[in-house]
Every structure is written in C-alpha cells, then in structure tokens.
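Chemist: Quick one: the structure is below, questions incoming.
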Number of protein chains: 2
Amino acid sequence: MTQLDLGQPDLGERTAEPSPKLGRKRDHTRDPEILSAALEVLAETGYDGMTIDMVAARAKAGKATLYRRWASKGELVIDAVACMKKGDLDDAKLPDTGTLRGDLIAMIRPHSIEDGEKKLQIMAGLMSMLSRAPELAEAANAAIVEPRAAANRVLMRRAMDRGEISADSDVDTLSLITPSMAAYRVLILRKPVDRDFLVSLIDGVLLPAVGLAHPGTDHR
Amino acid sequence: MTQLDLGQPDLGERTAEPSPKLGRKRDHTRDPEILSAALEVLAETGYDGMTIDMVAARAKAGKATLYRRWASKGELVIDAVACMKKGDLDDAKLPDTGTLRGDLIAMIRPHSIEDGEKKLQIMAGLMSMLSRAPELAEAANAAIVEPRAAANRVLMRRAMDRGEISADSDVDTLSLITPSMAAYRVLILRKPVDRDFLVSLIDGVLLPAVGLAHPGTDHR
DNA sequence: AAGATCCGGAACTCCACAGTATCGTATAAG
DNA sequence: CTTATACGATACTGTGGAGTTCCGGATCTT
C-alpha cells in the first residue's frame with residue numbers, strides 16, 4: 001500500500017492514559033528511540049522504501065512494540081515528522097550582530113548544515129505522499145522548512161526596524177529563498193550545501209534583493 | 001521493490017532493429033502513448049505507487065506489450081522522464097520585449113503554468129528515488145527544471161548585454177529562483193503557482209536582486 | 001517472592017505488485 | 001489466402017512487506 005489511510009488521523013493526541021494500576025507503569029519510554037529510528041530510515045529509504053522491520057531493528061525493538069503504540073506505518077511516520085519540530089533555532093537566541101549580513105552569516109554553522117541536509121532527505125522521502133496526505137504536508141512544512149524561514153523573517157524584520165533595509169521588502173517571500181534553493185541543490189543537483197554556497201546565496205541573491213548591493217563584496 | 005535495479009542502464013540507446021523480415025513491421029508505434037501514460041500515472045501516484053497495470057490500462061495496452069519493450073518498471077520510468085525533455089521553450093523563440101521585466105512577464109502563459117505543475121508532480125513522484133539513482137536525478141533535472149532555468153539565463157544575459165542589469169549579477173543562481181520557489185509552493189505549500197504569484201516573485205525578488213528596484217511597482 | 005504488565009523475537013496470514021506465459025485476434029507482407 | 005508477427009487480455013507465479021499472534025523473559029509493584 002502506498003496510501004497513508006489513517007481513518008481519523010488522530011494526529012498528535014494521545015488517548016489519555018486511564019490508570020496504570022499494577023505492574024510496570026505504562027511509560028512508553030522507548031518512543032523517542034523509535035521515532036528517531038523512523039526518521040533515520042525515512043531519510044535513507046523514503047516512505048515506501050521504509051519497512052516496519054527496518055525501524056524496529058534500528059531501534060532494537062520488536063515489531064509488535066511499534067504496533068502496540070501506533071496503529072499503522074502511516075501514523076508512525078506522521079508522529080515522527082511532527083516530533084521533529086522541536087529543533088534548534090526555537091526562541092530569540094538568534095544571532096544579533098548589528099547587520100543583516102552579519103546575522104545571516106552567523107546562522108551558518110556546521111551543525112545546522114548537517115541537520116538541514118538530513119531534514120531535506122526526510123522531506124524527499126515524503127514528497128510523493130504530500131499530495132495525498134495534506135496533514136503530512138503541513139507537518140513536514142512545519143517541521144522542516146518553516147522554522148528556518150521563520151528565523152530568516154525575524155532577522156530581516158530586525159534589519160527593517162533598524163532602517164537597514166527598505167520597509168517594503170517582501171520578507172515573507174525572501175525568507176524562503178535560502179531554504180528552497182538549498183533544497184533544489186541537495187535533492188536534485190545532489191551537490192553539498194556548504195558554507196561557500198550559502199554565502200554566495202546571501203551575497204548574490206538575498207542582500208541584493210533587499211537593496212543591500214555590494215559592488216565590491218568578494219564572497220568571502 | 002523500491003530500487004531501480006537496471007543492471008546496465010542502457011539509457012536511451014535502442015538496440016538497432018536488425019531486420020523485420022516478415023509480418024507487420026516492428027514499429028513500436030505505441031511507445032509515445034505508453035510513455036505519456038507512464039508520465040501521467042507517475043505524476044498522480046509517484047514511482048512506488050505506480051504499477052505496470054495502471055500504465056497499461058491508461059495506455060489501453062497489454063502489460064506484456066510494456067515488457068516486450070522495456071525490461072523493467074525502472075527502465076520504463078527512466079525512458080519516460082528522458083522523453084519529456086522535448087518540451088516547449090526549445091530554441092531562441094523566447095520573448096524579446098526590450099526589457100527584462102517584459103520578457104519575464106511574457107514567459108507567464110497558462111500553458112507553461114499548467115505544464116510546469118505537472119512536471120513538478122512528476123518530480124515529486126521521483127524524489128525519493130533520486131538519491132539512489134543518479135542517472136534518474138540527472139534525467140529529471142534535465143527534463144524538468146533545467147529547461148526553464150536555461151530560458152531565464154538567456155533572458156538575463158540579454159539584459160546584461162543591453163546594459164540593463166549589472167554585469168556581475170550571478171545569473172546562474174538567479175535563474176533558479178523562480179523554478180525552486182515555484183516547486184516549494186506547489187509541492188509543500190500546496191498552493192497554486194498562478195500569474196499573480198509569479199509576478200510577485202519577479203517584482204519582489206528577481207528584479208530587486210538584479211538591481212532593478214521599483215519603489216512604485218504595484219505588482220500588477 | 002508473587003503477581004501484573006510490558007518488551008523483544010519470531011512465526012504466521014494476507015495481499016498487492018513485478019514479472020512471465022499463454023492464447024486468440026488483428027494486421028501487414030508475400 | 002497464407003503466414004508471420006505484434007498486439008490486448010488474462011491467468012499465473014513468486015516475493016516482500018503490512019499487520020497479527022503468541023511466547024518466554026525482564027521489570028516493576030506490593
């Protein structure tokens with residue numbers, strides 16, 4: 001089956017544990033390992049390539065354990081994708097260097113690059129499902145590209161408040177340039193999204209688009 | 001099976017018909033219908049969701065006919081994707097209105113929008129395979145995004161020759177903005193790529209990035 | 001220690017799809 | 001008309017994965 005077929009998605013909600021009377025408490029303590037195993041397999045093989053046995057093996061769990069916790073492969077995947085949002089760039093501990101370029105460059109860190117590539121692989125694995133599972137499309141967007149776009153929006157709005165860039169820049173659209181071009185580069189071109197590439201995007205596209213041209217910027 | 005498993009890809013080459021001695025000639029006259037049926041199914045269900053029976057039914061052909069012509073599902077898909085390149089915006093019959101903006105706007109036509117969305121659906125269906133089948137990734141890029149990017153490059157270089165835009169604009173990167181942001185919008189956001197969206201991309205991102213700012217452009 | 005519950009493992013059923021084989025028919029060549 | 005070929009349809013086989021069931025052992029509670 002290629003469908004997700006979650007009758008009533010039941011996305012997110014956990015049917016309130018009634019009363020763990022006796023024996024070991026019903027802790028579901030293996031959930032994180034299982035979900036992260038699912039994400040790994042998802043990134044490596046895609047939704048259709050992923051089998052429940054792969055996930056179970058990776059998490060060193062039994063297949064039955066997965067089915068005790070999730071009704072189907074589809075629900076497991078949705079949960080895994082949703083539980084990935086927690087990410088790194090949560091709050092306003094974004095860089096604040098005083099210039100837009102400084103902030104954008106400061107966002108380029110080895111960890112975020114690595115993390116971004118893995119997330120894109122996951123997105124690729126889900127791609128073909130997105131048209132038939134809108135809730136999955138939403139979850140994937142919220143977990144993978146929105147966080148980064150949101151960070152970019154914050155940085156650009158700050159620059160706007162400082163008067164560094166024009167007030168009628170289309171921030172919502174501009175904040176998507178880096179994510180979507182990185183996606184194209186990784187997924188289709190199969191080239192690495194390294195520091196040099198990101199810097200050239202910032203200096204060659206983003207800053208010019210926002211009115212901060214740099215005749216002499218030598219992309220370094 | 002989720003793999004493509006083409007032993008020796010044999011991509012493209014048709015083993016030179018030796019000698020159709022007798023009977024009906026070995027014309028392979030149904031190939032186009034079959035390939036286009038394959039593309040339709042691919043766009044609707046993705047690689048793993050697509051079955052040979054679906055393609056055969058869609059093309060009103062027998063399953064055996066497909067296997068007489070292609071050794072496996074994978075080869076059929078590769079052929080179908082490759083045979084899609086022939087597209088529309090081949091030669092230099094691109095618009096030439098005298099301004100970059102005029103040219104870019106003139107490229108927006110109902111047909112190209114529709115065609116572009118279908119191609120993106122196909123790309124989505126192939127996405128999860130791309131990491132394991134480099135030749136497929138190349139074919140998909142050559143057939144789907146490269147043609148459009150190439151057209152954009154031509155228009156921008158013309159503008160450069162006219163002196164309309166700065167000579168050190170990063171044309172190669174800028175030409176990818178529209179394709180990749182359109183892909184994001186269709187595949188992940190699941191919103192339509194209509195004329196308004198494309199115009200706002202041109203006026204809000206591309207032209208500003210290239211130094212043609214427009215304080216008064218009201219995106220119409 | 002006794003009792004209850006959860007876990008990992010493994011065997012099992014069921015079904016969908018890739019790929020093969022067969023057959024009757026349509027069509028073109030001779 | 002005869003003959004060879006390609007075609008569409010359909011029945012068949014084999015495999016792999018989703019989901020289920022069962023069991024022995026581990027772990028917590030009392």
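Residue numbering restarts at 1 in every chain; chains get A, B, ... in the order shown in the structure tokens, and ligands count up from 1 in that same order.
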Chain D residues within 12 Å of chain A, counting only C-alpha atoms (C1' of nucleotides): which ones, as a list in words?
Modeler: DG16, DG17, DA18, DG19, DT20, DT21, DC22, DA26, DT27, DC28, DT29 and DT30 of chain D
Chemist: Using only C-alpha atoms, find the residues of chain B whose closest atom to chain A is at most 8 Å away, then write them as a PyMOL selection string.
Modeler: chain B and resi 1-2+45-46+48-49+124-128+130-131+137-138+140-141+169-170+173-174+176-177+180-181+184+187-190+201+204-211+213
Chemist: Just list as a VMD selection string whatever in segment 32-203 of chain B DSSP marks as helix (DSSP H, G or I).
Modeler: chain B and resid 32 to 49 52 to 58 63 to 69 73 to 82 100 to 106 110 to 130 134 to 161 171 to 174 177 to 189 195 to 203
Chemist: Using only C-alpha atoms (C1' of nucleotides), what does the table of chain C residues within 10 Å of chain B look like, with each row giving the shortest atom pair and its distance in Å to one decimal, sorted by chain and ascending number, as a tab-separated table?
Modeler:
residue	atom	partner	partner_atom	distance
C:DA16	C1'	B:Thr51	CA	10.0
C:DC17	C1'	B:Thr51	CA	7.1
C:DA18	C1'	B:Ile52	CA	8.1
C:DG19	C1'	B:Ser72	CA	8.3
C:DT20	C1'	B:Ala64	CA	8.7
C:DA21	C1'	B:Ala64	CA	9.6
C:DT27	C1'	B:Arg24	CA	6.7
C:DA28	C1'	B:Arg24	CA	4.7
C:DA29	C1'	B:Gly23	CA	5.6
C:DG30	C1'	B:Leu22	CA	8.6
